[in-house]
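Right, one structure below, let's go through it.
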Amino acid sequence: MRIGFCGPASLAMLEQFIDGPIRHRGYPFTGTADLIAQYIQMGHFVHLVSTDTAITSPVEYMGQHLRVTLVPSRARARARALDFFRKEREGIRHAILAAKVDVIHAHWTYEFALAAQSTSLPLVITVHDWAPTVARHNKNLYWYFRWCMQIMCCTGRGIFTAPTGHIAQRVERVFRRPCNVVPNGLNLSEWNDSYKGMLSPPKVGMLNVGFSSLKNVSAALEAWPEVRDRIPDARLVLAGPGYEMGGAAHGWAIDHNLTDGVAFDGALEASARLPWLTDKQVFLHTSRHESFSLAIVEAMAVGLPVIAGERAGAVPEITQGEARLVDVSDPSEVANSVIDLLNDSAARLEMSLRGKQAIQRFDIGVVASEYIRLLEVSLQ
């Protein structure tokens with residue numbers, strides 16, 4: 001099957017399938033790259049269509065089983081939003097039609113899915129987030145435009161999926177259409193490290209994209225002085241875009257005098273995520289809402305005990321009772337949970353072992369097989 005794959009993907013993780021080096025960043029996302037690699041390993045040809053804000057004309061990369069087309073995307077979010085990503089959708093649509101694929105797998109319900117829907121090709125769309133919730137937390141006009149795009153998409157054609165029942169139920173209730181639950185996948189064979197127990201100094205890791213009210217990392221920063229009062233050498237290590245020295249999170253921490261015992265590692269390359277996680281003793285995720293959270297699954301895959309939000313969207317569904325769930329709006333409760341877990345080696349070990357078992361259902365082979373089944377259904 002020739003699969004057109006529309007959406008973000010980490011090109012660095014796909015370079016093995018391309019003849020020669022990849023010189024563009026594209027629109028990186030690790031989860032979709034694993035799925036593309038699995039499609040290829042299952043014997044399918046994949047044509048990835050994605051975007052890049054650093055180019056002014058389409059760029060292509062070729063391999064025996066993978067072709068990549070990057071189309072230009074405007075750098076300013078405001079410019080993209082005001083016309084509902086019209087230029088980006090036109091570029092994506094043109095690239096899809098030129099690809100001569102049998103079927104399309106589109107990701108997110110915005111420019112990629114809308115462009116795919118504008119063709120006549122068989123189509124599966126994965127709804128990765130719920131725009132009303134994201135807009136409510138971000139309070140940004142950009143997300144209200146995205147919300148409109150999601151409505152346009154979810155009232156259009158295609159077979160719909162979502163990574164959790166939390167999102168699928170909303171699609172079914174609001175748009176009165178079936179939505180299959182297919183989780184995001186992870187190549188678990190590459191995430192088989194084991195929990196190393198307490199190292200010195202003890203490190204609590206957080207991995208997020210963007211410092212925002214939705215991600216709520218400020219609650220962890222506010223909790224950290226209380227943790228340090230009880231465990232003076234404990235370190236909070238923040239990573240992801242926006243968490244570099246001089247970035248948004250660092251600036252906020254300086255303004256609130258909350259930098260003691262906090263490290264700002266910034267964005268990580270895909271290959272750096274595993275070693276970064278295995279250097280920690282606890283994974284803390286104070287996000288107010290998650291539609292899935294691949295970061296939590298990665299942490300559990302390497303055996304890290306997880307502390308996360310008890311009402312944070314799909315987090316309870318993902319963790320299946322194998323994480324410590326707390327009120328992430330209360331910095332004192334966050335602090336007490338971190339202190340208790342760092343001081344309880346038996347609990348950490350049990351959570352490590354049980355968490356690794358709980359996430360076996362996210363194996364990329366299982367996930368890809370279900371998507372292939374749905375893609376074949378769309379061809380009928």
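We label chains A, B, ... in the order they appear in the structure tokens, count residues from 1 in each chain, and number ligands from 1 in the order shown.
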Using 12 Å as the limit and counting only C-alpha atoms, can you tabulate each residue of range 141-227 of chain A that touches range 112-129 of chain A, with its shortest atom-to-atom distance in Å and the two atoms involved, as a tab-separated table?
residue	atom	partner	partner_atom	distance
A:Trp143	CA	A:Asp129	CA	11.8
A:Arg146	CA	A:Asp129	CA	10.9
A:Trp147	CA	A:Asp129	CA	10.4
A:Cys148	CA	A:Leu114	CA	11.5
A:Met149	CA	A:Leu114	CA	7.9
A:Gln150	CA	A:Leu114	CA	8.8
A:Ile151	CA	A:Leu114	CA	10.4
A:Met152	CA	A:Leu114	CA	7.8
A:Cys153	CA	A:Leu114	CA	5.8
A:Cys154	CA	A:Val127	CA	8.9
A:Thr155	CA	A:Gln117	CA	10.6
A:Gly156	CA	A:Gln117	CA	7.1
A:Arg157	CA	A:Gln117	CA	6.4
A:Gly158	CA	A:Leu123	CA	5.0
A:Ile159	CA	A:Val124	CA	4.7
A:Phe160	CA	A:Ile125	CA	4.9
A:Thr161	CA	A:Thr126	CA	4.7
A:Ala162	CA	A:Val127	CA	4.9
A:Pro163	CA	A:His128	CA	6.5
A:Thr164	CA	A:His128	CA	8.8
A:Gly165	CA	A:Val127	CA	11.2
A:His166	CA	A:Asp129	CA	9.8
A:Ile167	CA	A:Asp129	CA	6.9
A:Ala168	CA	A:Val127	CA	8.0
A:Gln169	CA	A:Val127	CA	11.4
A:Arg170	CA	A:Asp129	CA	10.4
A:Val171	CA	A:Val127	CA	8.5
A:Glu172	CA	A:Val127	CA	11.6
A:Pro178	CA	A:Ile125	CA	11.9
A:Cys179	CA	A:Val127	CA	8.9
A:Asn180	CA	A:Thr126	CA	9.1
A:Val181	CA	A:Thr126	CA	9.4
A:Val182	CA	A:Thr126	CA	8.6
A:Pro183	CA	A:His128	CA	9.7
A:Asn184	CA	A:His128	CA	8.9
Enumerate, in order of chain and increasing residue number, the residues of range 15-85 of chain A with an atom no farther than 12 Å from range 344-362 of chain A, each with its shortest atom pair and distance in Å to one decimal, counting only C-alpha atoms, as CSV.
residue,atom,partner,partner_atom,distance
A:Gly31,CA,A:Phe362,CA,11.1
A:Asp34,CA,A:Phe362,CA,11.7
A:Leu35,CA,A:Phe362,CA,11.4
Keeping only C-alpha atoms, take the residues you just selected and write them out as a short mmCIF file (atom, residue, chain, number, x, y, z; two decimals), in the first residue's frame.
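out_18.cif written:
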data_model
loop_
_atom_site.label_atom_id
_atom_site.label_comp_id
_atom_site.auth_asym_id
_atom_site.auth_seq_id
_atom_site.Cartn_x
_atom_site.Cartn_y
_atom_site.Cartn_z
CA GLY A 31 5.41 9.86 17.89
CA ASP A 34 7.84 5.92 14.97
CA LEU A 35 4.58 5.13 13.20
#
Exercise. Of the residues A:Ala295, A:Ala219, A:Leu82, A:Ile231, which is the one nearest to Leu258 in chain A, using only C-alpha atoms?
Worked result: A:Ala219
Problem set entry | Interatomic distance, CA of Arg228 in chain A to CA of Gly246 in chain A (Å, one decimal) |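 For CA of Arg228 in chain A relative to CA of Gly246 in chain A, the distance reads 22.9 Å.
Our summary of the geometry notes that CA of Gly321 in chain A is positioned 22.7 Å from CA of Leu214 in chain A.
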Problem set entry | Nearest to Arg230 in chain A, chosen from A:Ile18, A:Val302, A:Ile104, A:Ala335, with only C-alpha atoms counted in the distances |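 Among the listed residues, the smallest separation from Arg230 in chain A belongs to A:Ala335.
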Problem set entry | Secondary structure check, strand (DSSP E or B) residues of range 131-314 of chain A, as a ChimeraX atom specification | /A:159-162,180-181,186,203-207,235-239,244,262-266,282-285,290,306-309,313
Problem set entry | Distance query range 267-273 of chain A at most 6 Å, only C-alpha atoms, self and fewer than 5 positions along chain excluded, as number ranges by chain | A: 239-241
Residues from last step as file, N, CA and C atoms, as a PDB file, in the first residue's frame:
ATOM      1  N   ALA A 239      12.981  20.224  30.775  1.00  0.00           N
ATOM      2  CA  ALA A 239      13.445  20.091  29.387  1.00  0.00           C
ATOM      3  C   ALA A 239      12.282  20.303  28.432  1.00  0.00           C
ATOM      4  N   GLY A 240      12.646  20.646  27.198  1.00  0.00           N
ATOM      5  CA  GLY A 240      11.669  20.900  26.147  1.00  0.00           C
ATOM      6  C   GLY A 240      11.783  22.329  25.657  1.00  0.00           C
ATOM      7  N   PRO A 241      11.202  22.631  24.509  1.00  0.00           N
ATOM      8  CA  PRO A 241      11.218  24.008  23.994  1.00  0.00           C
ATOM      9  C   PRO A 241      10.562  24.964  24.989  1.00  0.00           C
TER      10      PRO A 241
END
